[in-house]
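J.: So here's upload-v2.cif (mmCIF, C-alpha atoms).
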data_data
#
loop_
_atom_site.label_atom_id
_atom_site.label_comp_id
_atom_site.auth_asym_id
_atom_site.auth_seq_id
_atom_site.Cartn_x
_atom_site.Cartn_y
_atom_site.Cartn_z
CA MET A 125 15.83 -11.14 -7.32
CA LYS A 126 14.91 -8.94 -10.25
CA ILE A 127 11.19 -9.17 -10.85
CA PHE A 128 10.68 -7.33 -14.14
CA PRO A 129 12.12 -7.95 -17.60
CA ASP A 130 13.68 -5.11 -19.59
CA ASN A 131 11.05 -2.85 -21.15
CA PHE A 132 8.36 -4.33 -18.90
CA THR A 133 4.72 -3.37 -19.42
CA VAL A 134 2.70 -1.58 -16.74
CA ALA A 135 -1.09 -1.60 -16.77
CA ALA A 136 -2.16 1.73 -15.28
CA ALA A 137 -5.51 1.35 -13.49
CA ALA A 138 -7.71 3.46 -11.22
CA PRO A 139 -9.43 1.04 -8.81
CA ALA A 140 -10.36 3.84 -6.44
CA GLY A 141 -10.65 7.62 -6.96
CA PRO A 142 -10.84 9.73 -10.14
CA VAL A 143 -7.72 10.75 -12.04
CA THR A 144 -6.66 14.17 -13.32
CA ASP A 145 -4.88 14.71 -16.64
CA GLU A 146 -1.86 16.22 -14.89
CA THR A 147 -1.45 13.27 -12.53
CA LEU A 148 -1.86 10.77 -15.35
CA SER A 149 0.58 12.37 -17.77
CA GLY A 150 3.21 13.02 -15.10
CA GLY A 151 3.10 9.43 -13.86
CA VAL A 152 3.21 7.91 -17.34
CA GLU A 153 6.25 10.02 -18.23
CA ALA A 154 8.00 8.97 -15.01
CA LEU A 155 7.35 5.28 -15.69
CA LYS A 156 8.71 5.59 -19.21
CA LYS A 157 11.91 7.08 -17.80
CA LEU A 158 12.16 3.97 -15.60
CA GLY A 159 12.07 1.81 -18.71
CA ALA A 160 8.42 0.76 -18.65
CA LYS A 161 5.84 0.59 -21.37
CA VAL A 162 2.44 1.82 -20.16
CA LYS A 163 -1.00 0.51 -21.06
CA LEU A 164 -3.90 2.67 -19.88
CA MET A 165 -6.89 0.64 -18.76
CA PRO A 166 -10.15 1.87 -20.35
CA HIS A 167 -11.99 3.11 -17.26
CA ILE A 168 -9.37 5.27 -15.60
CA LYS A 169 -11.26 8.39 -16.65
CA SER A 170 -14.03 7.57 -19.08
CA GLY A 171 -16.01 5.13 -16.95
CA SER A 172 -19.47 5.95 -15.64
CA SER A 173 -20.16 6.37 -11.92
CA ALA A 174 -22.93 7.79 -9.78
CA HIS A 175 -20.27 8.90 -7.28
CA ARG A 176 -17.80 11.65 -8.00
CA PHE A 177 -15.32 10.11 -5.56
CA LEU A 178 -14.89 7.05 -7.83
CA SER A 179 -13.06 6.83 -11.16
CA ALA A 180 -15.80 4.60 -12.61
CA ASN A 181 -18.52 2.31 -11.35
CA ASP A 182 -17.64 -0.81 -9.37
CA ASP A 183 -18.05 -3.26 -12.25
CA GLU A 184 -15.87 -1.18 -14.55
CA ARG A 185 -13.08 -0.73 -12.03
CA ALA A 186 -13.10 -4.44 -11.21
CA ALA A 187 -13.08 -5.32 -14.92
CA ASP A 188 -9.97 -3.20 -15.49
CA LEU A 189 -8.05 -5.18 -12.86
CA ILE A 190 -9.31 -8.53 -14.17
CA ASN A 191 -8.48 -7.69 -17.79
CA ALA A 192 -5.03 -6.42 -16.85
CA TRP A 193 -4.38 -9.68 -15.00
CA LYS A 194 -5.43 -11.67 -18.08
CA ASP A 195 -3.09 -9.71 -20.36
CA PRO A 196 0.11 -11.78 -20.82
CA GLU A 197 2.07 -8.64 -21.76
CA VAL A 198 1.42 -6.99 -18.40
CA SER A 199 4.19 -7.43 -15.83
CA LEU A 200 2.79 -5.04 -13.22
CA ILE A 201 -0.52 -3.34 -12.39
CA TRP A 202 0.06 0.17 -11.03
CA ALA A 203 -2.70 2.10 -9.29
CA ILE A 204 -2.69 5.68 -10.52
CA ARG A 205 -4.09 7.05 -7.27
CA GLY A 206 -5.85 6.09 -4.04
CA GLY A 207 -8.72 7.99 -2.48
CA TYR A 208 -11.54 5.54 -1.88
CA GLY A 209 -13.13 2.62 -3.67
CA CYS A 210 -11.00 -0.54 -3.57
CA GLY A 211 -13.02 -2.06 -0.75
CA ARG A 212 -16.18 -1.79 -2.87
CA ILE A 213 -14.85 -4.08 -5.60
CA LEU A 214 -13.20 -6.89 -3.59
CA GLU A 215 -16.18 -9.22 -3.94
CA LYS A 216 -16.28 -8.57 -7.70
CA LEU A 217 -12.71 -9.67 -8.38
CA ASP A 218 -11.72 -13.05 -9.82
CA TRP A 219 -9.53 -14.41 -7.04
CA GLU A 220 -9.07 -17.74 -8.81
CA LEU A 221 -7.67 -15.89 -11.81
CA PHE A 222 -5.48 -13.79 -9.55
CA SER A 223 -3.99 -16.99 -8.12
CA SER A 224 -2.98 -18.16 -11.59
CA ARG A 225 0.19 -16.05 -11.76
CA PRO A 226 2.19 -13.92 -9.27
CA LEU A 227 1.42 -10.52 -10.79
CA PRO A 228 2.64 -7.52 -8.76
CA VAL A 229 0.18 -4.73 -7.91
CA ALA A 230 1.62 -1.33 -6.98
CA GLY A 231 0.18 1.47 -4.88
CA PHE A 232 -0.60 2.44 -1.31
CA SER A 233 -3.26 4.31 0.71
CA ASP A 234 -6.69 2.99 -0.40
CA ILE A 235 -4.89 0.28 -2.38
CA THR A 236 -4.36 -1.28 1.06
CA ALA A 237 -7.78 -2.91 0.64
CA LEU A 238 -6.58 -4.67 -2.50
CA HIS A 239 -3.14 -5.50 -1.09
CA TRP A 240 -4.43 -6.96 2.17
CA ALA A 241 -7.09 -8.95 0.31
CA MET A 242 -4.37 -10.32 -1.99
CA ASP A 243 -2.43 -11.40 1.07
CA ALA A 244 -5.54 -13.01 2.58
CA LYS A 245 -6.26 -14.86 -0.68
CA LYS A 246 -2.56 -15.71 -1.17
CA CYS A 247 -2.34 -14.36 -4.69
CA GLY A 248 -0.27 -11.81 -6.57
CA ILE A 249 2.51 -9.69 -5.10
CA PRO A 250 1.47 -6.55 -3.19
CA MET A 251 4.03 -3.78 -3.65
CA ALA A 252 3.74 -0.55 -1.67
CA LEU A 253 5.03 1.90 -4.26
CA PRO A 254 4.42 5.62 -4.85
CA MET A 255 1.45 6.43 -7.03
CA PHE A 256 1.48 8.71 -10.04
CA SER A 257 1.35 12.10 -8.29
CA PHE A 258 4.43 11.08 -6.28
CA LEU A 259 6.23 9.63 -9.28
CA LYS A 260 6.17 12.86 -11.23
CA ASP A 261 7.67 14.79 -8.29
CA ALA A 262 9.92 12.03 -6.96
CA ASP A 263 13.15 13.02 -5.18
CA LYS A 264 16.43 11.09 -5.31
CA TYR A 265 15.65 8.94 -2.25
CA THR A 266 12.25 7.93 -3.62
CA LEU A 267 13.64 6.97 -7.02
CA GLU A 268 16.56 5.03 -5.53
CA SER A 269 14.21 3.13 -3.21
CA LEU A 270 11.96 2.30 -6.14
CA LYS A 271 14.86 1.06 -8.26
CA LYS A 272 16.07 -1.15 -5.38
CA VAL A 273 12.65 -2.79 -5.25
CA PHE A 274 12.72 -3.34 -9.01
CA ALA A 275 16.17 -4.95 -8.65
CA GLY A 276 15.01 -7.17 -5.79
CA GLU A 277 17.68 -5.87 -3.41
CA VAL A 278 17.63 -6.85 0.28
CA GLN A 279 15.28 -4.58 2.20
CA LYS A 280 16.78 -3.02 5.36
CA VAL A 281 15.86 -0.02 7.51
CA VAL A 282 17.23 1.50 10.71
CA LEU A 283 14.53 3.19 12.81
CA PRO A 284 13.96 4.58 16.29
CA ALA A 285 12.08 2.15 18.51
CA LEU A 286 9.31 2.50 21.05
CA ARG A 287 10.08 -1.11 22.00
CA LYS A 288 13.40 -2.44 20.74
CA GLY A 289 13.91 -5.75 19.02
CA ASN A 290 15.83 -6.32 15.79
CA LEU A 291 13.91 -8.53 13.40
CA THR A 292 13.48 -9.78 9.86
CA ALA A 293 9.99 -10.59 8.55
CA LEU A 294 7.72 -10.25 5.55
CA PRO A 295 6.20 -6.76 5.53
CA LEU A 296 2.48 -6.01 5.46
CA PRO A 297 2.20 -2.26 4.77
CA GLY A 298 -1.06 -0.37 4.70
CA ASN A 299 -3.18 2.63 5.54
CA LEU A 300 -4.52 2.50 9.11
CA THR A 301 -8.12 3.45 8.31
CA VAL A 302 -8.40 1.09 5.35
CA ALA A 303 -6.82 -1.77 7.31
CA ALA A 304 -9.31 -1.30 10.15
CA SER A 305 -12.19 -1.25 7.66
CA LEU A 306 -11.33 -4.83 6.65
CA CYS A 307 -11.68 -6.24 10.18
CA GLY A 308 -14.29 -9.01 10.28
CA THR A 309 -14.28 -9.51 6.50
CA PRO A 310 -12.90 -12.43 4.45
CA TYR A 311 -10.29 -10.01 3.08
CA PHE A 312 -8.37 -9.45 6.32
CA PRO A 313 -4.97 -11.20 6.13
CA ASP A 314 -3.25 -13.50 8.61
CA THR A 315 -0.79 -11.22 10.39
CA ASP A 316 1.06 -13.98 12.25
CA GLY A 317 4.79 -13.47 11.78
CA LYS A 318 4.27 -10.35 9.64
CA LEU A 319 5.81 -6.93 10.10
CA VAL A 320 2.74 -4.67 10.10
CA ILE A 321 3.51 -1.20 8.67
CA LEU A 322 0.91 1.54 9.13
CA GLU A 323 0.52 5.11 7.87
CA GLU A 324 -2.30 7.64 7.93
CA VAL A 325 -3.35 11.02 6.58
CA GLY A 326 -5.89 13.66 7.63
CA GLU A 327 -7.04 12.15 10.94
CA ALA A 328 -6.48 15.36 12.90
CA SER A 329 -7.86 14.24 16.29
CA PRO A 330 -5.58 11.91 18.28
CA TYR A 331 -8.54 9.86 19.49
CA ARG A 332 -9.24 8.80 15.90
CA ILE A 333 -5.78 7.25 15.58
CA ASP A 334 -6.22 5.66 19.00
CA ARG A 335 -9.62 4.25 18.03
CA LEU A 336 -8.30 2.70 14.82
CA LEU A 337 -5.28 1.15 16.51
CA ASN A 338 -7.50 -0.16 19.27
CA GLN A 339 -9.85 -1.74 16.74
CA LEU A 340 -6.97 -3.57 15.07
CA ARG A 341 -5.55 -4.61 18.43
CA LEU A 342 -8.87 -5.97 19.70
CA ALA A 343 -9.24 -7.89 16.43
CA GLY A 344 -6.02 -9.74 17.26
CA THR A 345 -3.94 -8.12 14.53
CA PHE A 346 -0.84 -7.77 16.70
CA ASN A 347 -1.12 -10.90 18.84
CA LYS A 348 1.39 -12.93 16.84
CA ALA A 349 2.77 -10.28 14.49
CA ALA A 350 6.55 -9.97 14.29
CA GLY A 351 6.43 -6.25 14.94
CA VAL A 352 4.90 -2.89 14.04
CA ILE A 353 6.34 0.05 12.12
CA PHE A 354 4.67 3.45 11.97
CA GLY A 355 5.29 5.56 8.88
CA TYR A 356 4.08 9.08 8.15
CA PHE A 357 0.99 10.34 9.97
CA THR A 358 0.41 13.36 7.76
CA GLY A 359 -2.03 15.96 9.06
CA CYS A 360 -2.81 13.82 12.10
CA GLY A 361 -2.59 16.41 14.86
CA GLU A 362 0.25 17.64 17.02
CA PRO A 363 3.34 15.40 17.02
CA ASP A 364 3.47 15.21 20.83
CA GLU A 365 -0.16 14.10 21.06
CA LEU A 366 0.36 11.53 18.31
CA MET A 367 3.45 10.17 20.04
CA ASN A 368 1.47 9.79 23.26
CA VAL A 369 -1.05 7.63 21.38
CA LEU A 370 1.70 5.49 19.84
CA GLU A 371 3.45 5.07 23.19
CA GLU A 372 0.24 3.97 24.89
CA PHE A 373 -0.42 1.54 22.04
CA THR A 374 3.06 0.11 22.53
CA SER A 375 2.31 -0.54 26.20
CA LYS A 376 -0.61 -2.77 25.18
CA VAL A 377 1.24 -5.05 22.75
CA ASP A 378 4.11 -7.48 23.32
CA ILE A 379 6.09 -7.02 20.10
CA PRO A 380 8.78 -4.62 18.83
CA VAL A 381 7.41 -1.23 17.75
CA PHE A 382 9.29 1.23 15.52
CA TYR A 383 8.43 4.63 14.07
CA GLY A 384 9.75 7.15 11.57
CA LEU A 385 9.68 5.09 8.37
CA LYS A 386 9.53 7.30 5.27
CA TYR A 387 6.32 5.70 4.05
CA GLY A 388 2.92 7.28 3.51
CA HIS A 389 1.45 10.48 2.13
CA GLU A 390 4.68 12.45 1.87
CA LEU A 391 7.96 12.46 0.00
CA PRO A 392 10.49 10.95 0.33
CA PHE A 393 8.82 7.55 -0.01
CA THR A 394 10.23 4.13 0.84
CA SER A 395 9.04 1.46 -1.59
CA ILE A 396 8.29 -1.95 -0.08
CA ARG A 397 8.08 -5.31 -1.81
CA CYS A 398 5.84 -7.58 0.23
CA ASP A 399 7.22 -10.91 -0.98
CA LEU A 400 10.74 -10.14 0.32
CA PRO A 401 11.69 -9.96 4.01
CA LEU A 402 12.38 -6.56 5.55
CA THR A 403 15.07 -6.30 8.22
CA VAL A 404 14.54 -3.66 10.91
CA THR A 405 17.29 -2.52 13.24
CA ALA A 406 16.74 -0.19 16.18
CA GLY A 407 18.82 2.93 15.86
#
Here is the file; what I need is its structure written in the form of structure tokens.
T.:
Amino acid sequence: MKIFPDNFTVAAAAPAGPVTDETLSGGVEALKKLGAKVKLMPHIKSGSSAHRFLSANDDERAADLINAWKDPEVSLIWAIRGGYGCGRILEKLDWELFSSRPLPVAGFSDITALHWAMDAKKCGIPMALPMFSFLKDADKYTLESLKKVFAGEVQKVVLPALRKGNLTALPLPGNLTVAASLCGTPYFPDTDGKLVILEEVGEASPYRIDRLLNQLRLAGTFNKAAGVIFGYFTGCGEPDELMNVLEEFTSKVDIPVFYGLKYGHELPFTSIRCDLPLTVTAG
């Protein structure tokens, strides 16, 4: 099911961290090559903020998302980058407005907070797509995966399994740290029947990954989930130590667990459309 019209319009927003000129220009050029028109939201760089780790203050970043959603020309909101900040604006967003039309929102990493809140509020279409710095350097695999998502093609992957079990389910991709930060809030989604996909970056000590997975497990995230997929764990310690953590996690859940998906803070990048089922086969 193709989701975008020809010459669709993208609203480029920065709901989290600040944006550099190089990242912005490279991403805009890449989107134009994909056939998109690009509207830059007003606070991607020029907004005011007391914190250097934010692109603008909370009200301004929230306003950019709300105004993009109101714009009838916009077919897709694309987050320019992640970093940190989406969780700060969740309570400022107009969820009733967001329920008025199924607008896709693209990004990953810190955009997990927005995506998982959208799932919890049952509005919009979360789409785990590469952000601007990845778009400008995208390899063939990344571009082909992105085009398949645009075309609405059937989503299938073959992955090694820590616990086998072929399945088809709606995907719920996200960053591990950001997902755990939503536990106990009104913005944590119902994971029943979902294929939970997790990635991480920069958590160098294995116990940190273990702690985050344990928090999600104790919160009931995996009790009735269809399965779990682990993507990239970039800069997260020695591979053998990480695998030990993932294997122990697998022993504590009763669902299929896969690893090795090309998703996270590296290229190549697998794009994921969250309103279409993903089929996983153990290989």
J.: Convert the output of the PyMOL selection byres ((chain A and resi 134) around 9) on the shown file into explicit residues, formatted as a short mmCIF file (atom, residue, chain, number, x, y, z; two decimals) with C-alpha atoms, in the coordinates of the input.
T.:
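Result file is part.cif:
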data_model
loop_
_atom_site.label_atom_id
_atom_site.label_comp_id
_atom_site.auth_asym_id
_atom_site.auth_seq_id
_atom_site.Cartn_x
_atom_site.Cartn_y
_atom_site.Cartn_z
CA PHE A 132 8.36 -4.33 -18.90
CA THR A 133 4.72 -3.37 -19.42
CA ALA A 135 -1.09 -1.60 -16.77
CA ALA A 136 -2.16 1.73 -15.28
CA LEU A 155 7.35 5.28 -15.69
CA ALA A 160 8.42 0.76 -18.65
CA LYS A 161 5.84 0.59 -21.37
CA VAL A 162 2.44 1.82 -20.16
CA LYS A 163 -1.00 0.51 -21.06
CA LEU A 164 -3.90 2.67 -19.88
CA GLU A 197 2.07 -8.64 -21.76
CA VAL A 198 1.42 -6.99 -18.40
CA SER A 199 4.19 -7.43 -15.83
CA LEU A 200 2.79 -5.04 -13.22
CA ILE A 201 -0.52 -3.34 -12.39
CA TRP A 202 0.06 0.17 -11.03
#
J.: Tell me which protein, DNA and RNA residues are within 6 Å of segment 387-403 of chain A, counting only C-alpha atoms, leaving out same-chain ones fewer than 5 positions away, and put them as a PDB file with C-alpha atoms, in the frame of the given file.
T.:
ATOM      1  CA  PRO A 250       1.470  -6.550  -3.190  1.00  0.00           C
ATOM      2  CA  MET A 251       4.030  -3.780  -3.650  1.00  0.00           C
ATOM      3  CA  ALA A 252       3.740  -0.550  -1.670  1.00  0.00           C
ATOM      4  CA  LEU A 253       5.030   1.900  -4.260  1.00  0.00           C
ATOM      5  CA  THR A 266      12.250   7.930  -3.620  1.00  0.00           C
ATOM      6  CA  SER A 269      14.210   3.130  -3.210  1.00  0.00           C
ATOM      7  CA  LEU A 270      11.960   2.300  -6.140  1.00  0.00           C
ATOM      8  CA  GLN A 279      15.280  -4.580   2.200  1.00  0.00           C
ATOM      9  CA  LYS A 280      16.780  -3.020   5.360  1.00  0.00           C
ATOM     10  CA  LEU A 291      13.910  -8.530  13.400  1.00  0.00           C
ATOM     11  CA  THR A 292      13.480  -9.780   9.860  1.00  0.00           C
ATOM     12  CA  ALA A 293       9.990 -10.590   8.550  1.00  0.00           C
ATOM     13  CA  LEU A 294       7.720 -10.250   5.550  1.00  0.00           C
ATOM     14  CA  PRO A 295       6.200  -6.760   5.530  1.00  0.00           C
ATOM     15  CA  GLU A 323       0.520   5.110   7.870  1.00  0.00           C
ATOM     16  CA  GLY A 355       5.290   5.560   8.880  1.00  0.00           C
ATOM     17  CA  TYR A 356       4.080   9.080   8.150  1.00  0.00           C
TER      18      TYR A 356
END
J.: When you draw a straight line from atom CA of Phe256 of chain A to atom CA of Asn299 of chain A, how long is it in Å?
T.: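 Here the two named atoms are 17.4 Å from each other.
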J.: Using the chain letters and residue numbers of this document, give as an MDAnalysis selection string the residues selected by the PyMOL selection byres ((chain A and resi 216) around 9).
T.: chainID A and resid 182:183 186:187 212:215 217:219
J.: Excluding Arg341 of chain A and its own-chain neighbours fewer than 3 positions away, which residues fall within 10 Å of it when counting all atoms listed in the file? Please give them as a compact mmCIF listing (two decimals) with C-alpha atoms, in the frame of the given file.
T.:
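Saved result, part35.txt, follows:
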# COMPACT_ATOMS: atom_id res chain seq x y z
CA ALA A 304 -9.31 -1.30 10.15
CA ARG A 335 -9.62 4.25 18.03
CA LEU A 336 -8.30 2.70 14.82
CA LEU A 337 -5.28 1.15 16.51
CA ASN A 338 -7.50 -0.16 19.27
CA GLY A 344 -6.02 -9.74 17.26
CA THR A 345 -3.94 -8.12 14.53
CA PHE A 346 -0.84 -7.77 16.70
CA ASN A 347 -1.12 -10.90 18.84
CA PHE A 373 -0.42 1.54 22.04
CA LYS A 376 -0.61 -2.77 25.18
CA VAL A 377 1.24 -5.05 22.75
J.: Running the PyMOL selection byres ((chain A and resi 225) around 12) on this model by hand, what would come out? Give it as a PyMOL selection string.
T.: chain A and resi 193-196+198-200+219-224+226-229+246-249
J.: Calculate how many Å separate atom CA of Thr236 of chain A from atom CA of Ala303 of chain A, rounding to one decimal.
T.: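 Computing the Euclidean distance for atom CA of Thr236 of chain A and atom CA of Ala303 of chain A yields 6.7 Å.
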J.: What's the separation between atom CA of Asp130 of chain A and atom CA of Lys156 of chain A, in Å to one decimal place?
T.: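 Distance reported for this atom pair: 11.8 Å.
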J.: Which residue is closest to Ala138 of chain A? Choose from A:Lys348, A:Lys264, A:His175, A:Arg185 and count only C-alpha atoms.
T.: A:Arg185
J.: For segment 179-196 of chain A, which lacks atoms in the input, supply N, CA and C atoms and format the output as a short mmCIF file (atom, residue, chain, number, x, y, z; two decimals), in the coordinates of the input.
T.:
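Result written to rebuild_12.cif:
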data_model
loop_
_atom_site.label_atom_id
_atom_site.label_comp_id
_atom_site.auth_asym_id
_atom_site.auth_seq_id
_atom_site.Cartn_x
_atom_site.Cartn_y
_atom_site.Cartn_z
N SER A 179 -13.50 6.62 -9.78
CA SER A 179 -13.06 6.83 -11.16
C SER A 179 -14.05 6.28 -12.16
N ALA A 180 -14.80 5.25 -11.76
CA ALA A 180 -15.80 4.60 -12.61
C ALA A 180 -16.68 3.77 -11.69
N ASN A 181 -17.69 3.11 -12.24
CA ASN A 181 -18.52 2.31 -11.35
C ASN A 181 -17.78 1.04 -10.91
N ASP A 182 -18.34 0.33 -9.96
CA ASP A 182 -17.64 -0.81 -9.37
C ASP A 182 -17.32 -1.89 -10.39
N ASP A 183 -18.27 -2.21 -11.25
CA ASP A 183 -18.05 -3.26 -12.25
C ASP A 183 -16.94 -2.88 -13.21
N GLU A 184 -16.89 -1.62 -13.61
CA GLU A 184 -15.87 -1.18 -14.55
C GLU A 184 -14.48 -1.18 -13.93
N ARG A 185 -14.38 -0.74 -12.69
CA ARG A 185 -13.08 -0.73 -12.03
C ARG A 185 -12.58 -2.15 -11.79
N ALA A 186 -13.48 -3.04 -11.40
CA ALA A 186 -13.10 -4.44 -11.21
C ALA A 186 -12.68 -5.07 -12.54
N ALA A 187 -13.40 -4.76 -13.60
CA ALA A 187 -13.08 -5.32 -14.92
C ALA A 187 -11.70 -4.89 -15.39
N ASP A 188 -11.30 -3.66 -15.09
CA ASP A 188 -9.97 -3.20 -15.49
C ASP A 188 -8.88 -4.04 -14.82
N LEU A 189 -9.04 -4.35 -13.55
CA LEU A 189 -8.05 -5.18 -12.86
C LEU A 189 -8.04 -6.60 -13.41
N ILE A 190 -9.21 -7.16 -13.65
CA ILE A 190 -9.31 -8.53 -14.17
C ILE A 190 -8.70 -8.62 -15.56
N ASN A 191 -9.01 -7.66 -16.42
CA ASN A 191 -8.48 -7.69 -17.79
C ASN A 191 -6.98 -7.45 -17.82
N ALA A 192 -6.48 -6.62 -16.92
CA ALA A 192 -5.03 -6.42 -16.85
C ALA A 192 -4.34 -7.70 -16.41
N TRP A 193 -4.96 -8.42 -15.48
CA TRP A 193 -4.38 -9.68 -15.00
C TRP A 193 -4.35 -10.73 -16.11
N LYS A 194 -5.35 -10.70 -16.98
CA LYS A 194 -5.43 -11.67 -18.08
C LYS A 194 -4.42 -11.37 -19.19
N ASP A 195 -3.96 -10.13 -19.27
CA ASP A 195 -3.09 -9.71 -20.36
C ASP A 195 -1.68 -10.26 -20.16
N PRO A 196 -1.22 -11.16 -21.02
CA PRO A 196 0.11 -11.78 -20.82
C PRO A 196 1.25 -10.79 -20.96
#
